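Chemist: Once you've had a glance at the structure underneath, I'll fire off some questions.
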Amino acid sequence: MVKVALCQMGSTGTSKENVKKIIHMAETAAQNCKNLDVICFPEDSYFDFDARSETQGPESIPGYFTDAMCVLAKRLGVNIIPGSFMELAVNGKYYNTTMFINRDGKILGKYHKIHLMKAVGYDESEYVNYGEKPCVLDTDIGRIGLMVCYDMRFPELARGMVQDGAEMLFVPSYFPAGNPLPPRTDHWDTLVKSTALLNLTYTIATNQYGHVVVSIPFGRSCVVDPWGTVISQCANKEDICYADIDLEFQKQVRKSVASWENRRPEVYTLH
């Protein structure tokens, strides 16, 4: 069993206020769940990328945010995926970066968001560099894959990481309600469930919640098991939910459904 906590928060304050909120929620999660293995936060947890007028800009690694998160992980003795933040790039832009920090406060690996949103009147690539490679890591909880939000709309990424041995997929997200577009809550539910079901792999997706700059992310952070069942979900507020990841159950599901064994990739390419 792997014990996970999803901290559904809104990065509604300054960067330092948001760090205080992250620390408080992580401390609460560790207090409420004995032998907690990993705590997960949303995309843009440090501060909203659209608040670029704030004096706190992109940072390098190490930096204020990553140092604070490493100290927190070591103090609590728990792995932390601290959402994502703006990592400074050499060309003046930055990367939308998430990372896995182990219980010793060491960054085991980082992931630069590969798929940037250029849709619905929004162009993330104006100020963010594209990531160039997936991130699959060996950790003390198993082999994990990292994605960020919009990545879920591209099933090849999750499929490739599971083919590379990922036993769990973690997805920090900032998924808004859709205003002025139609609501996208149904998209979120379908994307998280389908990522888990199509890959027969636990998917842990942590979304923002609240009035964040101009967007209103709706939360619905959840853990979906390899059968496509939501086994834990945050309430409609800033909240923490917990789940047990049963990797033995996952093995049983994969053996029973056998979609990995029955794949026929040699005939998938159209000529």
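Residue numbers start at 1 in each chain; chains themselves are named A, B, ... in the order of the structure tokens; ligands are numbered from 1 in the order shown.
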Report as a tab-separated table: every residue of segment 106-212 of chain A with an atom at most 10 Å from segment 248-257 of chain A, its closest pair of atoms, and their distance in Å to one decimal, counting only C-alpha atoms, with rows sorted by chain and ascending residue number.
Modeler:
residue	atom	partner	partner_atom	distance
A:Glu167	CA	A:Gln250	CA	8.5
A:Met168	CA	A:Gln250	CA	9.9
A:Asn199	CA	A:Arg254	CA	8.9
A:Leu200	CA	A:Arg254	CA	6.1
A:Thr201	CA	A:Gln250	CA	6.9
A:Tyr202	CA	A:Gln250	CA	7.7
Chemist: Could you check how far atom CA of Asn32 of chain A sits from atom CA of Ile245 of chain A, in Å to one decimal?
Modeler: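 That distance, rounded to one decimal, is 17.1 Å.
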Chemist: If you measure from atom CA of Lys3 of chain A to atom CA of Gln31 of chain A, what distance in Å do you get, rounded to one decimal?
Modeler: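 If I compute the distance from atom CA of Lys3 of chain A to atom CA of Gln31 of chain A, I get 13.1 Å.
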Chemist: Name the residues in contact with segment 17-30 of chain A at a cut-off of 12 Å, using only C-alpha atoms, excluding same-chain residues fewer than 6 positions from it; report them as an MDAnalysis selection string.
Modeler: chainID A and resid 3:11 36:42 44:48 56 64:83 85 212 238:243
Chemist: Running DSSP on the backbone, which parts of segment 59-180 of chain A land in alpha helix (DSSP H), as a VMD selection string?
Modeler: chain A and resid 64 to 76 155 to 163
Chemist: Put those residues in a file: C-alpha atoms, as a short mmCIF file (atom, residue, chain, number, x, y, z; two decimals), in the first residue's frame.
Modeler:
data_model
loop_
_atom_site.label_atom_id
_atom_site.label_comp_id
_atom_site.auth_asym_id
_atom_site.auth_seq_id
_atom_site.Cartn_x
_atom_site.Cartn_y
_atom_site.Cartn_z
CA TYR A 64 13.37 30.08 -2.39
CA PHE A 65 10.51 27.77 -3.40
CA THR A 66 12.48 24.59 -3.96
CA ASP A 67 14.56 25.15 -0.81
CA ALA A 68 11.38 25.59 1.26
CA MET A 69 9.84 22.43 -0.22
CA CYS A 70 12.98 20.35 0.36
CA VAL A 71 13.16 21.48 3.99
CA LEU A 72 9.46 20.65 4.41
CA ALA A 73 9.81 17.14 2.96
CA LYS A 74 12.78 16.35 5.19
CA ARG A 75 11.12 17.75 8.32
CA LEU A 76 7.93 15.75 7.75
CA PRO A 155 -2.81 10.02 -24.21
CA GLU A 156 0.49 9.08 -25.84
CA LEU A 157 2.42 10.61 -22.94
CA ALA A 158 0.77 8.58 -20.19
CA ARG A 159 0.88 5.43 -22.33
CA GLY A 160 4.59 5.85 -22.99
CA MET A 161 5.41 6.35 -19.32
CA VAL A 162 3.45 3.27 -18.29
CA GLN A 163 5.23 1.32 -21.03
#
Chemist: For Phe154 of chain A, please output as a list in words all residues within 12 Å (counting only C-alpha atoms; exclusion window: fewer than 3 positions along the same chain).
Modeler: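 Here the qualifying residues turn out to be Ile114, His115, Leu116, Met117, Met147, Val148, Cys149, Tyr150, Asp151, Leu157, Ala158, Arg159, Gly160, Leu191, Val192, Ser194 and Thr195 of chain A.
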Chemist: Taking only segment 26-184 of chain A into account, list the residues labelled strand (DSSP E) by DSSP (computed from the backbone), as an MDAnalysis selection string.
Modeler: chainID A and resid 38:40 79:81 84:88 94:101 107:112 118:119 122:123 135:139 142:146 168:173
Chemist: Atoms to include: N, CA and C atoms. Write the selected residues as a short mmCIF file (atom, residue, chain, number, x, y, z; two decimals), in the first residue's frame.
Modeler:
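What ended up in again_9.cif:
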data_model
loop_
_atom_site.label_atom_id
_atom_site.label_comp_id
_atom_site.auth_asym_id
_atom_site.auth_seq_id
_atom_site.Cartn_x
_atom_site.Cartn_y
_atom_site.Cartn_z
N VAL A 38 3.29 10.15 0.39
CA VAL A 38 3.50 11.24 -0.56
C VAL A 38 2.36 12.25 -0.47
N ILE A 39 2.72 13.53 -0.54
CA ILE A 39 1.75 14.62 -0.54
C ILE A 39 1.84 15.34 -1.88
N CYS A 40 0.68 15.61 -2.49
CA CYS A 40 0.64 16.17 -3.83
C CYS A 40 -0.10 17.51 -3.83
N ASN A 79 7.56 12.10 1.11
CA ASN A 79 7.78 12.54 -0.26
C ASN A 79 6.77 13.64 -0.60
N ILE A 80 7.21 14.63 -1.37
CA ILE A 80 6.33 15.73 -1.76
C ILE A 80 6.45 16.00 -3.25
N ILE A 81 5.30 16.11 -3.90
CA ILE A 81 5.20 16.65 -5.26
C ILE A 81 4.54 18.02 -5.08
N SER A 84 3.48 22.81 -9.33
CA SER A 84 4.45 23.31 -10.30
C SER A 84 4.75 24.77 -10.04
N PHE A 85 5.89 25.22 -10.57
CA PHE A 85 6.32 26.60 -10.39
C PHE A 85 7.07 27.05 -11.63
N MET A 86 7.37 28.34 -11.70
CA MET A 86 8.08 28.90 -12.84
C MET A 86 9.58 28.75 -12.63
N GLU A 87 10.18 27.85 -13.40
CA GLU A 87 11.63 27.68 -13.34
C GLU A 87 12.29 28.52 -14.44
N LEU A 88 13.21 29.36 -14.05
CA LEU A 88 13.85 30.28 -14.97
C LEU A 88 14.61 29.53 -16.06
N TYR A 94 10.44 30.71 -19.17
CA TYR A 94 10.62 29.77 -18.08
C TYR A 94 9.93 28.46 -18.40
N TYR A 95 10.17 27.48 -17.56
CA TYR A 95 9.52 26.18 -17.68
C TYR A 95 8.43 26.06 -16.63
N ASN A 96 7.37 25.40 -16.99
CA ASN A 96 6.34 25.01 -16.02
C ASN A 96 6.83 23.68 -15.44
N THR A 97 7.40 23.75 -14.24
CA THR A 97 8.17 22.64 -13.69
C THR A 97 7.52 22.03 -12.47
N THR A 98 7.40 20.72 -12.47
CA THR A 98 7.05 20.00 -11.25
C THR A 98 8.20 19.06 -10.92
N MET A 99 8.19 18.53 -9.71
CA MET A 99 9.32 17.70 -9.29
C MET A 99 8.88 16.73 -8.21
N PHE A 100 9.73 15.77 -7.95
CA PHE A 100 9.51 14.79 -6.87
C PHE A 100 10.63 14.96 -5.87
N ILE A 101 10.25 15.32 -4.64
CA ILE A 101 11.21 15.51 -3.56
C ILE A 101 11.06 14.36 -2.58
N ILE A 107 15.76 16.42 -4.34
CA ILE A 107 14.97 16.40 -5.57
C ILE A 107 15.42 15.21 -6.40
N LEU A 108 14.55 14.20 -6.51
CA LEU A 108 14.90 13.00 -7.28
C LEU A 108 14.83 13.26 -8.78
N GLY A 109 13.94 14.14 -9.18
CA GLY A 109 13.80 14.44 -10.59
C GLY A 109 12.80 15.55 -10.80
N LYS A 110 12.87 16.18 -11.97
CA LYS A 110 11.93 17.25 -12.29
C LYS A 110 11.38 17.03 -13.69
N TYR A 111 10.23 17.62 -13.93
CA TYR A 111 9.55 17.48 -15.22
C TYR A 111 9.14 18.85 -15.73
N HIS A 112 9.48 19.15 -16.97
CA HIS A 112 9.03 20.36 -17.65
C HIS A 112 7.80 20.01 -18.48
N LYS A 118 -2.25 26.08 -26.20
CA LYS A 118 -2.44 27.12 -27.21
C LYS A 118 -3.84 26.91 -27.76
N ALA A 119 -4.82 27.32 -26.98
CA ALA A 119 -6.22 27.03 -27.30
C ALA A 119 -7.11 27.97 -26.51
N TYR A 122 -5.93 31.31 -25.42
CA TYR A 122 -4.84 31.37 -24.44
C TYR A 122 -3.61 30.73 -25.05
N ASP A 123 -2.46 31.36 -24.89
CA ASP A 123 -1.23 30.82 -25.46
C ASP A 123 -0.15 30.77 -24.38
N CYS A 135 9.07 12.23 -17.78
CA CYS A 135 9.77 12.02 -16.51
C CYS A 135 9.21 10.79 -15.82
N VAL A 136 10.00 9.74 -15.78
CA VAL A 136 9.66 8.52 -15.04
C VAL A 136 10.77 8.29 -14.02
N LEU A 137 10.40 8.11 -12.75
CA LEU A 137 11.37 8.06 -11.67
C LEU A 137 11.19 6.83 -10.81
N ASP A 138 12.30 6.28 -10.35
CA ASP A 138 12.26 5.23 -9.33
C ASP A 138 12.33 5.89 -7.96
N THR A 139 11.33 5.61 -7.13
CA THR A 139 11.22 6.21 -5.80
C THR A 139 10.99 5.11 -4.77
N GLY A 142 7.74 3.29 -5.45
CA GLY A 142 7.58 2.62 -6.73
C GLY A 142 8.03 3.51 -7.87
N ARG A 143 7.79 3.06 -9.08
CA ARG A 143 8.18 3.81 -10.27
C ARG A 143 7.01 4.70 -10.67
N ILE A 144 7.26 6.00 -10.76
CA ILE A 144 6.16 6.94 -10.97
C ILE A 144 6.41 7.79 -12.22
N GLY A 145 5.30 8.28 -12.79
CA GLY A 145 5.38 9.21 -13.92
C GLY A 145 4.74 10.52 -13.54
N LEU A 146 5.30 11.62 -14.05
CA LEU A 146 4.80 12.96 -13.77
C LEU A 146 4.23 13.58 -15.05
N MET A 168 2.37 4.46 -11.11
CA MET A 168 1.44 5.51 -10.70
C MET A 168 1.71 6.74 -11.54
N LEU A 169 0.65 7.48 -11.85
CA LEU A 169 0.78 8.72 -12.60
C LEU A 169 0.28 9.87 -11.73
N PHE A 170 1.12 10.87 -11.53
CA PHE A 170 0.77 12.03 -10.71
C PHE A 170 0.61 13.24 -11.63
N VAL A 171 -0.50 13.98 -11.44
CA VAL A 171 -0.85 15.05 -12.37
C VAL A 171 -1.23 16.34 -11.61
N PRO A 172 -0.27 17.18 -11.23
CA PRO A 172 -0.61 18.51 -10.71
C PRO A 172 -1.34 19.30 -11.80
N SER A 173 -2.43 19.97 -11.43
CA SER A 173 -3.28 20.61 -12.44
C SER A 173 -3.84 21.95 -11.99
#
Chemist: Between atom CA of Val224 of chain A and atom CA of Asn236 of chain A, what is the spacing in Å?
Modeler: 17.6 Å
